[in-house]
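Q: Quick one, final_20.cif (mmCIF, C-alpha atoms):
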data_my_file
loop_
_atom_site.label_atom_id
_atom_site.label_comp_id
_atom_site.auth_asym_id
_atom_site.auth_seq_id
_atom_site.Cartn_x
_atom_site.Cartn_y
_atom_site.Cartn_z
CA MET A 1 13.04 41.83 19.49
CA GLY A 2 14.74 45.18 20.08
CA MET A 3 12.79 45.62 23.32
CA PHE A 4 13.93 42.16 24.52
CA TRP A 5 17.59 43.12 24.10
CA LEU A 6 16.96 46.43 25.92
CA LEU A 7 15.38 44.65 28.90
CA ALA A 8 18.23 42.12 28.92
CA PHE A 9 20.67 45.01 29.17
CA ILE A 10 18.71 46.68 32.00
CA LEU A 11 18.50 43.49 34.04
CA TRP A 12 22.19 42.78 33.42
CA GLN A 13 22.99 46.23 34.84
CA ILE A 14 20.90 45.52 37.94
CA ILE A 15 22.50 42.11 38.70
CA PRO A 16 26.22 42.94 39.31
CA THR A 17 28.32 39.99 38.12
CA GLN A 18 30.14 38.86 35.00
CA ALA A 19 27.71 38.20 32.17
CA ALA A 20 27.50 36.88 28.64
CA ILE A 21 24.48 37.23 26.38
CA THR A 22 23.24 34.08 24.67
CA VAL A 23 20.25 33.09 22.62
CA GLY A 24 18.30 29.93 23.35
CA GLY A 25 14.98 28.53 24.36
CA GLY A 26 13.24 30.94 22.03
CA GLY A 27 14.54 34.06 23.80
CA VAL A 28 17.51 36.21 24.78
CA GLY A 29 19.59 35.02 27.73
CA ILE A 30 22.22 36.57 29.95
CA ASN A 31 24.40 33.95 31.64
CA ILE A 32 25.83 35.40 34.82
CA GLY A 33 28.74 33.98 36.80
CA ASN A 34 32.20 32.51 36.22
CA ALA A 35 33.36 31.34 32.84
CA GLY A 36 33.30 27.77 34.10
CA GLY A 37 29.51 27.79 34.40
CA GLY A 38 27.23 27.41 37.34
CA GLY A 39 26.11 31.07 37.19
CA ALA A 40 22.65 32.58 37.00
CA GLY A 41 20.67 33.16 33.83
CA VAL A 42 18.33 35.94 32.74
CA TRP A 43 15.90 34.79 30.05
CA ILE A 44 13.93 37.36 28.11
CA GLY A 45 10.84 36.70 26.03
CA GLY A 46 11.22 32.95 25.55
CA GLY A 47 10.76 31.57 29.04
CA ILE A 48 13.27 29.22 30.65
CA ASN A 49 12.62 26.05 28.71
CA ASP A 50 16.29 25.14 28.30
CA GLY A 51 17.34 26.17 31.80
CA PRO A 52 17.87 23.94 34.81
CA THR A 53 14.94 22.33 36.54
CA PRO A 54 13.72 24.78 39.21
CA SER A 55 14.30 23.83 42.82
CA SER A 56 11.67 24.13 45.52
CA PRO A 57 12.39 27.80 46.46
CA SER A 58 12.06 28.80 42.79
CA VAL A 59 8.85 26.83 42.37
CA SER A 60 7.48 28.58 45.44
CA LYS A 61 8.43 32.03 44.08
CA LEU A 62 6.94 31.35 40.65
CA THR A 63 3.80 29.90 42.20
CA THR A 64 3.43 33.03 44.31
CA ALA A 65 4.06 35.18 41.22
CA TYR A 66 1.42 33.22 39.30
CA THR A 67 -1.18 33.93 41.98
CA ALA A 68 -0.30 37.64 42.03
CA LEU A 69 -0.28 38.08 38.26
CA GLN A 70 -3.58 36.27 37.86
CA ALA A 71 -5.11 38.54 40.52
CA TRP A 72 -3.85 41.53 38.56
CA LYS A 73 -5.13 40.08 35.30
CA SER A 74 -8.60 39.85 36.78
CA ALA A 75 -8.44 43.60 37.62
CA ILE A 76 -7.65 44.55 34.00
CA THR A 77 -10.88 45.31 32.17
CA ASP A 78 -9.65 46.10 28.67
CA ASP A 79 -6.72 44.66 26.69
CA PRO A 80 -7.06 45.89 23.09
CA LEU A 81 -3.62 44.61 22.04
CA GLY A 82 -4.19 41.11 23.41
CA ILE A 83 -1.20 41.27 25.75
CA LEU A 84 -2.88 39.13 28.40
CA LYS A 85 -3.69 36.30 26.02
CA THR A 86 -0.20 35.02 26.84
CA TRP A 87 -0.91 35.19 30.59
CA VAL A 88 -2.17 31.62 30.69
CA GLY A 89 -0.73 28.73 32.69
CA SER A 90 1.77 28.59 35.49
CA ASP A 91 4.89 29.46 33.43
CA VAL A 92 4.84 33.18 34.29
CA CYS A 93 8.26 33.66 32.68
CA SER A 94 6.57 33.15 29.29
CA TYR A 95 4.01 35.91 29.93
CA LYS A 96 4.43 38.87 27.62
CA GLY A 97 5.92 41.80 29.53
CA VAL A 98 7.14 39.61 32.41
CA PHE A 99 10.87 39.00 32.70
CA CYS A 100 12.65 36.40 34.81
CA ALA A 101 16.19 36.00 36.12
CA GLY A 102 18.27 33.52 38.07
CA PRO A 103 19.25 29.84 37.93
CA GLU A 104 16.21 29.28 40.14
CA PRO A 105 14.00 31.68 38.21
CA PHE A 106 12.09 34.54 39.77
CA VAL A 107 10.20 37.51 38.32
CA ALA A 108 12.77 40.31 38.02
CA GLY A 109 10.89 42.88 35.95
CA ILE A 110 7.58 43.86 34.39
CA ASP A 111 7.47 46.14 31.36
CA LEU A 112 4.03 46.87 29.94
CA ASN A 113 4.79 50.28 28.49
CA HIS A 114 2.36 51.35 25.74
CA ALA A 115 0.15 48.30 26.25
CA ASN A 116 -3.01 50.46 26.48
CA LEU A 117 -4.34 48.31 29.31
CA GLN A 118 -7.27 49.55 31.38
CA GLY A 119 -7.72 48.57 34.99
CA SER A 120 -6.09 49.04 38.39
CA LEU A 121 -3.15 47.85 40.42
CA VAL A 122 -3.77 45.16 43.03
CA LYS A 123 -2.26 44.60 46.45
CA GLU A 124 -1.19 41.06 45.51
CA LEU A 125 1.64 42.47 43.36
CA SER A 126 3.53 43.29 46.54
CA VAL A 127 4.58 39.64 46.85
CA LEU A 128 6.94 40.16 43.88
CA THR A 129 9.72 41.14 46.24
CA ASP A 130 12.49 40.36 43.70
CA ILE A 131 11.16 42.71 41.05
CA SER A 132 13.54 45.57 40.24
CA ILE A 133 11.66 47.40 37.46
CA LEU A 134 7.95 48.10 37.05
CA HIS A 135 7.27 50.06 33.89
CA LEU A 136 3.62 50.80 33.13
CA ASN A 137 3.67 54.05 31.21
CA SER A 138 1.08 54.88 28.54
CA ASN A 139 -1.77 52.70 29.75
CA ARG A 140 -5.17 53.48 31.26
CA PHE A 141 -4.62 52.36 34.84
CA SER A 142 -6.61 54.33 37.41
CA GLY A 143 -7.11 54.52 41.15
CA THR A 144 -4.11 54.63 43.47
CA ILE A 145 -0.95 52.68 44.25
CA PRO A 146 -1.68 50.00 46.89
CA ASP A 147 -0.08 50.59 50.30
CA THR A 148 1.35 47.07 50.13
CA PHE A 149 3.85 48.26 47.48
CA LYS A 150 6.11 49.23 50.39
CA ASP A 151 7.03 45.54 50.50
CA LEU A 152 8.65 45.67 47.04
CA SER A 153 12.09 45.66 48.63
CA SER A 154 14.06 45.20 45.37
CA LEU A 155 12.16 47.73 43.26
CA GLN A 156 14.46 50.38 41.80
CA GLU A 157 12.40 51.88 38.97
CA LEU A 158 8.69 52.72 39.16
CA ASP A 159 7.19 54.31 36.05
CA ILE A 160 3.41 54.77 36.05
CA SER A 161 3.44 57.86 33.84
CA ASN A 162 0.74 58.71 31.31
CA ASN A 163 -2.08 56.86 33.03
CA ARG A 164 -5.23 57.90 34.92
CA PHE A 165 -4.09 57.64 38.52
CA SER A 166 -5.56 60.20 40.93
CA GLY A 167 -5.74 61.19 44.57
CA PRO A 168 -3.02 62.63 46.81
CA PHE A 169 0.68 62.04 46.32
CA PRO A 170 1.19 58.25 46.66
CA ALA A 171 3.00 58.27 50.01
CA VAL A 172 3.73 54.55 49.74
CA THR A 173 6.48 55.36 47.24
CA LEU A 174 8.44 56.98 50.08
CA TYR A 175 8.66 53.61 51.80
CA ILE A 176 9.91 51.52 48.88
CA PRO A 177 13.42 51.11 50.29
CA ASN A 178 15.59 50.84 47.16
CA LEU A 179 13.68 53.05 44.76
CA VAL A 180 15.92 55.37 42.71
CA TYR A 181 13.65 56.33 39.79
CA LEU A 182 10.12 57.66 40.34
CA ASP A 183 7.95 58.71 37.39
CA LEU A 184 4.39 59.88 38.14
CA ARG A 185 4.01 62.39 35.30
CA PHE A 186 0.88 62.81 33.17
CA ASN A 187 -1.64 61.61 35.73
CA SER A 188 -4.19 63.41 37.92
CA PHE A 189 -2.48 63.35 41.30
CA SER A 190 -3.30 66.42 43.40
CA GLY A 191 -2.59 68.17 46.67
CA PRO A 192 0.77 68.98 48.27
CA VAL A 193 4.03 67.11 47.76
CA PRO A 194 5.59 65.82 51.01
CA GLU A 195 8.98 67.08 52.17
CA ASP A 196 10.17 63.50 52.67
CA LEU A 197 10.24 63.05 48.90
CA PHE A 198 13.32 65.28 48.68
CA ASN A 199 15.08 63.48 51.53
CA LYS A 200 14.77 60.14 49.77
CA ARG A 201 17.77 58.81 47.83
CA LEU A 202 16.21 59.17 44.39
CA ASP A 203 18.16 59.95 41.23
CA ALA A 204 15.16 61.04 39.14
CA ILE A 205 11.86 62.62 40.21
CA PHE A 206 9.20 63.22 37.56
CA LEU A 207 5.97 64.77 38.86
CA ASN A 208 5.16 67.01 35.92
CA ASN A 209 1.72 67.32 34.32
CA ASN A 210 -0.38 66.54 37.36
CA GLN A 211 -2.46 68.78 39.63
CA PHE A 212 -0.09 69.11 42.57
CA GLU A 213 -0.44 72.38 44.47
CA GLY A 214 0.78 74.31 47.47
CA GLU A 215 4.24 75.67 48.20
CA LEU A 216 7.43 73.92 47.18
CA PRO A 217 8.93 72.07 50.17
CA GLN A 218 11.72 74.01 51.86
CA ASN A 219 14.10 71.07 51.44
CA LEU A 220 13.68 70.94 47.65
CA GLY A 221 17.39 71.57 47.15
CA ASN A 222 18.37 68.78 49.55
CA SER A 223 17.47 66.06 47.10
CA PRO A 224 20.36 63.97 45.75
CA ALA A 225 18.45 63.63 42.47
CA SER A 226 20.10 64.66 39.22
CA VAL A 227 16.75 65.43 37.55
CA ILE A 228 13.64 67.01 39.13
CA ASN A 229 10.65 67.85 36.94
CA LEU A 230 7.74 69.63 38.65
CA ALA A 231 6.46 71.42 35.54
CA ASN A 232 2.82 71.96 34.58
CA ASN A 233 1.29 71.76 38.05
CA ARG A 234 -0.21 74.36 40.39
CA PHE A 235 2.66 75.05 42.77
CA SER A 236 2.61 78.53 44.30
CA GLY A 237 4.69 80.70 46.62
CA ASN A 238 8.44 81.25 46.48
CA ILE A 239 11.29 79.06 45.38
CA PRO A 240 12.86 78.22 48.78
CA ALA A 241 15.58 80.69 49.80
CA SER A 242 17.81 77.77 50.81
CA PHE A 243 17.61 76.29 47.32
CA GLY A 244 21.12 75.14 46.39
CA ILE A 245 22.69 75.39 49.84
CA ALA A 246 22.68 71.68 50.64
CA SER A 247 23.35 70.05 47.28
CA SER A 248 25.26 70.51 44.04
CA LYS A 249 24.29 67.28 42.24
CA LEU A 250 21.25 68.59 40.37
CA LYS A 251 21.66 68.68 36.60
CA GLU A 252 18.12 69.52 35.48
CA ILE A 253 15.24 71.22 37.25
CA LEU A 254 12.03 72.19 35.50
CA LEU A 255 9.52 74.38 37.35
CA LEU A 256 7.82 75.89 34.31
CA ASN A 257 4.13 76.62 34.07
CA ASN A 258 3.26 76.85 37.74
CA GLN A 259 2.18 79.83 39.86
CA LEU A 260 5.48 80.66 41.54
CA THR A 261 6.18 84.16 42.81
CA GLY A 262 9.02 86.00 44.51
CA CYS A 263 12.68 85.93 43.55
CA ILE A 264 15.10 83.51 41.98
CA PRO A 265 17.28 82.65 45.01
CA GLN A 266 21.01 83.28 44.95
CA GLY A 267 21.64 79.65 45.85
CA ILE A 268 20.98 78.71 42.22
CA GLY A 269 24.68 79.38 41.57
CA LEU A 270 25.72 76.50 43.82
CA PHE A 271 24.44 73.94 41.34
CA SER A 272 27.74 73.81 39.51
CA GLU A 273 26.64 70.79 37.42
CA MET A 274 23.30 72.30 36.39
CA GLN A 275 22.58 71.92 32.67
CA VAL A 276 18.89 72.84 32.43
CA PHE A 277 17.10 75.47 34.53
CA ASP A 278 13.57 76.29 33.36
CA VAL A 279 11.28 78.51 35.45
CA SER A 280 9.34 79.97 32.52
CA HIS A 281 5.62 80.77 32.69
CA ASN A 282 5.47 81.77 36.36
CA SER A 283 5.23 85.16 38.11
CA LEU A 284 8.80 85.52 39.38
CA MET A 285 9.98 89.10 40.04
CA GLY A 286 13.08 91.04 40.96
CA HIS A 287 16.56 91.09 39.47
CA LEU A 288 18.41 88.06 38.18
CA PRO A 289 21.04 87.11 40.79
CA ASP A 290 24.70 87.46 39.80
CA THR A 291 25.21 83.88 40.97
CA VAL A 292 23.63 82.61 37.76
CA SER A 293 27.08 83.30 36.31
CA CYS A 294 28.39 80.34 38.36
CA LEU A 295 26.38 77.86 36.28
CA SER A 296 29.39 76.91 34.19
CA ASP A 297 27.70 73.83 32.67
CA ILE A 298 24.33 75.42 31.94
CA GLU A 299 23.03 74.69 28.44
CA VAL A 300 19.37 75.73 28.70
CA LEU A 301 18.33 78.76 30.77
CA ASN A 302 14.66 79.62 30.32
CA LEU A 303 13.31 82.57 32.29
CA ALA A 304 10.61 83.58 29.80
CA HIS A 305 7.08 84.72 30.71
CA ASN A 306 7.80 86.08 34.18
CA GLN A 307 8.07 89.60 35.62
CA LEU A 308 11.83 89.81 36.04
CA SER A 309 13.51 93.19 35.68
CA GLY A 310 16.83 95.01 35.87
CA VAL A 311 19.88 94.57 33.66
CA LEU A 312 20.73 91.29 31.97
CA PRO A 313 24.43 91.07 32.89
CA ASP A 314 27.46 90.10 30.82
CA LEU A 315 28.20 87.37 33.35
CA VAL A 316 25.07 85.49 32.28
CA CYS A 317 25.37 85.96 28.55
CA SER A 318 29.04 84.92 28.52
CA LEU A 319 28.41 81.47 30.01
CA GLY A 320 30.47 79.13 27.86
CA SER A 321 28.08 76.17 27.61
CA LEU A 322 24.93 78.19 27.03
CA MET A 323 23.02 77.04 23.93
CA ASN A 324 19.53 78.30 24.70
CA LEU A 325 18.66 81.45 26.63
CA SER A 326 15.15 82.90 26.72
CA VAL A 327 14.15 85.95 28.76
CA ALA A 328 11.18 86.87 26.56
CA TYR A 329 8.09 88.44 28.11
CA ASN A 330 9.80 90.02 31.13
CA PHE A 331 10.70 93.61 32.06
CA PHE A 332 14.47 93.68 31.61
CA SER A 333 15.56 97.24 30.93
CA GLY A 334 19.30 96.88 30.37
CA PHE A 335 21.33 94.90 27.91
CA SER A 336 25.04 94.14 28.24
CA GLN A 337 27.56 93.88 25.42
CA GLU A 338 27.80 90.07 25.60
CA CYS A 339 24.02 89.74 25.52
CA SER A 340 23.92 92.00 22.50
CA LYS A 341 26.24 89.59 20.68
CA LEU A 342 23.96 86.66 21.50
CA SER A 343 20.93 88.46 20.13
CA PHE A 344 22.39 88.28 16.63
CA ARG A 345 22.81 84.51 16.68
CA LYS A 346 20.28 82.36 14.90
CA GLY A 347 17.86 80.57 17.19
CA GLY A 348 18.22 79.60 20.81
CA PHE A 349 18.36 83.16 22.17
CA ASP A 350 15.19 85.21 22.71
CA PHE A 351 15.17 88.69 24.26
CA SER A 352 11.84 89.86 22.83
CA LEU A 353 9.05 91.71 24.65
CA ASN A 354 11.08 93.27 27.41
CA CYS A 355 11.85 96.96 27.97
CA LEU A 356 15.24 97.08 26.24
CA PRO A 357 15.88 100.51 24.68
CA GLY A 358 16.78 100.55 21.03
CA ARG A 359 15.84 96.89 20.48
CA ASP A 360 13.15 95.56 18.16
CA MET A 361 10.13 93.58 19.33
CA GLN A 362 9.92 95.09 22.82
CA ARG A 363 6.96 95.95 25.04
CA PRO A 364 5.05 99.16 24.34
CA GLN A 365 6.58 102.03 26.34
CA PRO A 366 3.55 102.48 28.64
CA GLU A 367 3.96 98.91 29.92
CA CYS A 368 7.52 99.71 30.97
CA LEU A 369 6.65 102.72 33.14
CA VAL A 370 5.73 100.60 36.16
CA ILE A 371 7.95 97.58 36.81
CA PRO A 372 6.22 94.71 38.68
CA GLY A 373 7.83 93.97 42.02
CA GLY A 374 9.82 97.20 42.00
CA GLY A 375 9.85 97.30 45.80
CA LEU A 376 10.54 93.58 46.22
CA SER A 377 13.52 92.69 48.43
CA CYS A 378 15.25 89.54 47.19
CA LEU A 379 17.60 89.30 50.20
CA ARG A 380 20.67 89.59 48.00
CA ILE A 381 24.14 89.44 49.52
CA PRO A 382 25.46 93.03 49.66
CA SER A 383 28.38 93.33 47.27
CA ALA A 384 29.91 96.15 45.26
CA ARG A 385 31.04 93.62 42.65
CA PRO A 386 29.61 90.36 41.31
CA LEU A 387 30.29 87.47 43.66
CA VAL A 388 33.25 85.22 42.94
CA CYS A 389 31.82 81.72 42.49
CA GLY A 390 34.49 80.02 44.59
CA ALA A 391 33.52 82.10 47.65
CA LEU A 392 29.81 81.77 47.04
CA LEU A 393 28.88 78.99 49.46
CA GLY A 394 30.23 80.61 52.63
CA ASN A 395 28.65 83.96 51.82
CA LEU A 396 25.28 82.37 51.08
CA GLU A 397 25.26 80.31 54.27
CA VAL A 398 25.93 83.44 56.34
CA ASN A 399 23.23 85.35 54.49
CA VAL A 400 20.56 82.64 54.78
CA THR A 401 21.31 82.24 58.50
CA SER A 402 21.12 85.95 59.17
CA THR A 403 17.79 86.34 57.35
CA SER A 404 16.09 83.30 58.86
CA PRO A 405 13.32 84.10 61.35
#
Is it possible to give me this structure as structure tokens?

A:
Amino acid sequence: MGMFWLLAFILWQIIPTQAAITVGGGGVGINIGNAGGGGAGVWIGGGINDGPTPSSPSVSKLTTAYTALQAWKSAITDDPLGILKTWVGSDVCSYKGVFCAGPEPFVAGIDLNHANLQGSLVKELSVLTDISILHLNSNRFSGTIPDTFKDLSSLQELDISNNRFSGPFPAVTLYIPNLVYLDLRFNSFSGPVPEDLFNKRLDAIFLNNNQFEGELPQNLGNSPASVINLANNRFSGNIPASFGIASSKLKEILLLNNQLTGCIPQGIGLFSEMQVFDVSHNSLMGHLPDTVSCLSDIEVLNLAHNQLSGVLPDLVCSLGSLMNLSVAYNFFSGFSQECSKLSFRKGGFDFSLNCLPGRDMQRPQPECLVIPGGGLSCLRIPSARPLVCGALLGNLEVNVTSTSP
């Protein structure tokens, strides 16, 4: 029952009018419209038995939905939880995992998370043009996403995570016009990620735990998304030098456990709302840019298991919101006073296995004689003092322009 209420809330958020939640007809309802009645109704889990008699347009939509859902049912080869036993008859609003809305009902959402279904997606689902959420995580669906999904004009959330999908990045997702949430994680997608992904108006991009490879698109920082997770793939090359120049909306970016090299770009400091920055388990080199000190909202900063060097500055260790800082398994050779204070706190701060003199649990001295990337130029902005965050953007734009080929 708890899931029914959750889906009622989600659908209420998607349909912007006044609403009141009621219970009737064996399910949870959201009556939408003026207090005097005559508004729409969202019925969850119990069908629409007490609602108004559907008019011809509704009958047509539900008939079309019936045909599509039965086509999908025939492509599902294993249903150990018996979910599809309810997918019988023309009343699709009573199907488990199918949710309807409206005074003239239509299919508004499908949530089959953790259903353990095995099968594939079918092109017929593209006729569900009123659907706003499609949640299919933790099943055993395989194959690819049909190209016809571009016709899902109302779809806002697509979650196919933790399945067995494969092949190249599903380019059809770039053409779903109102999509804001894309979750492809824990599948077997491979190959490069298209630049157009980061031009699309998405709020959340989850591609982690696949087999994507190649260089990160140069427009990575252009995305309006608040969360980007590209962890546990096979991305290589540098983090784009322009990272951070075009956007400051990003709150979380996770690039851990890839094959990234080169420097952490100075543009990182432009993400003033950044809360989580994790580039651990790569092969990044060079000094940490002073601009990291501009991350006033940063809570988690994980740089562990790279080949970073130089002095860990006071400006980083004095960040007010910082709750977790790990620079373990690098080649830092200097330690500021503020960082020294953090090292005595319990948990959340790890400075081990570097080249810090006088500190416990550091690398053996022979490993510190040759610093990886010692001759690497990170194209830093020349400055006798750390950059003032307020003047950062103009300086960075000049620097990126002057160093572009």

Q: Name the residues in contact with Asn306 in chain A at a cut-off of 6 Å, using only C-alpha atoms, excluding same-chain residues fewer than 5 positions from it; report them as a list in words.

A: His281, Asn282, Ser283, Leu284 and Asn330 of chain A

Q: Output C-alpha atoms of each residue in that selection to a file, as a tab-separated table (two decimals), keeping the file's coordinate frame.

A:
chain	number	residue	atom	x	y	z
A	281	HIS	CA	5.62	80.77	32.69
A	282	ASN	CA	5.47	81.77	36.36
A	283	SER	CA	5.23	85.16	38.11
A	284	LEU	CA	8.80	85.52	39.38
A	330	ASN	CA	9.80	90.02	31.13

Q: How far is it from CA of Ala68 in chain A to CA of Arg140 in chain A, in Å with one decimal?

A: 19.8 Å

Q: Which residue, A:Ser120, A:Thr67, A:Asn210, A:Asn302, has the smallest gap to Phe349 in chain A when you use all atoms listed in the file?

A: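 Answer, going by the shortest atom-to-atom distance: A:Asn302.
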
Q: May I ask which of the residues A:Lys61, A:Lys73, A:His135, A:His114 is the closest one to Cys93 in chain A, counting only C-alpha atoms?

A: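 The closest residue to Cys93 in chain A is A:Lys61.
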
Q: Mind listing as a PyMOL selection string all residues within 9 Å of (19.5, 60.8, 39.8), counting only C-alpha atoms?

A: chain A and resi 180-181+201-205+224-228+249-251

Q: Contacts of Leu179 in chain A at 10 Å or less, counting all atoms listed in the file, minus same-chain residues fewer than 3 places along, as a list in words?

A: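 Those residues are Ser132, Ile133, Leu152, Ser153, Ser154, Leu155, Gln156, Glu157, Leu158, Thr173, Leu174, Tyr175, Ile176, Leu182, Lys200, Arg201, Leu202, Asp203 and Ala204 of chain A.
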
Q: Taking the file as shown, find all residues satisfying the PyMOL selection byres ((chain A and resi 81) around 9) and write them as an NGL selection string.

A: :A and (79-80 or 82-84 or 115-117)

Q: Determine the residue set returned by the PyMOL selection byres ((chain A and resi 233) around 8) for the present structure, and present it as a list in words.

A: Asn208, Asn209, Asn210, Gln211, Phe212, Glu213, Leu230, Ala231, Asn232, Arg234, Phe235, Asn257 and Asn258 of chain A

Q: So, counting only C-alpha atoms, which residue among A:Arg363, A:Ile145, A:Asp278, A:Ser272 is closest to Ser326 in chain A?

A: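 Going through A:Arg363, A:Ile145, A:Asp278, A:Ser272 one by one, the smallest distance to Ser326 in chain A is for A:Asp278.
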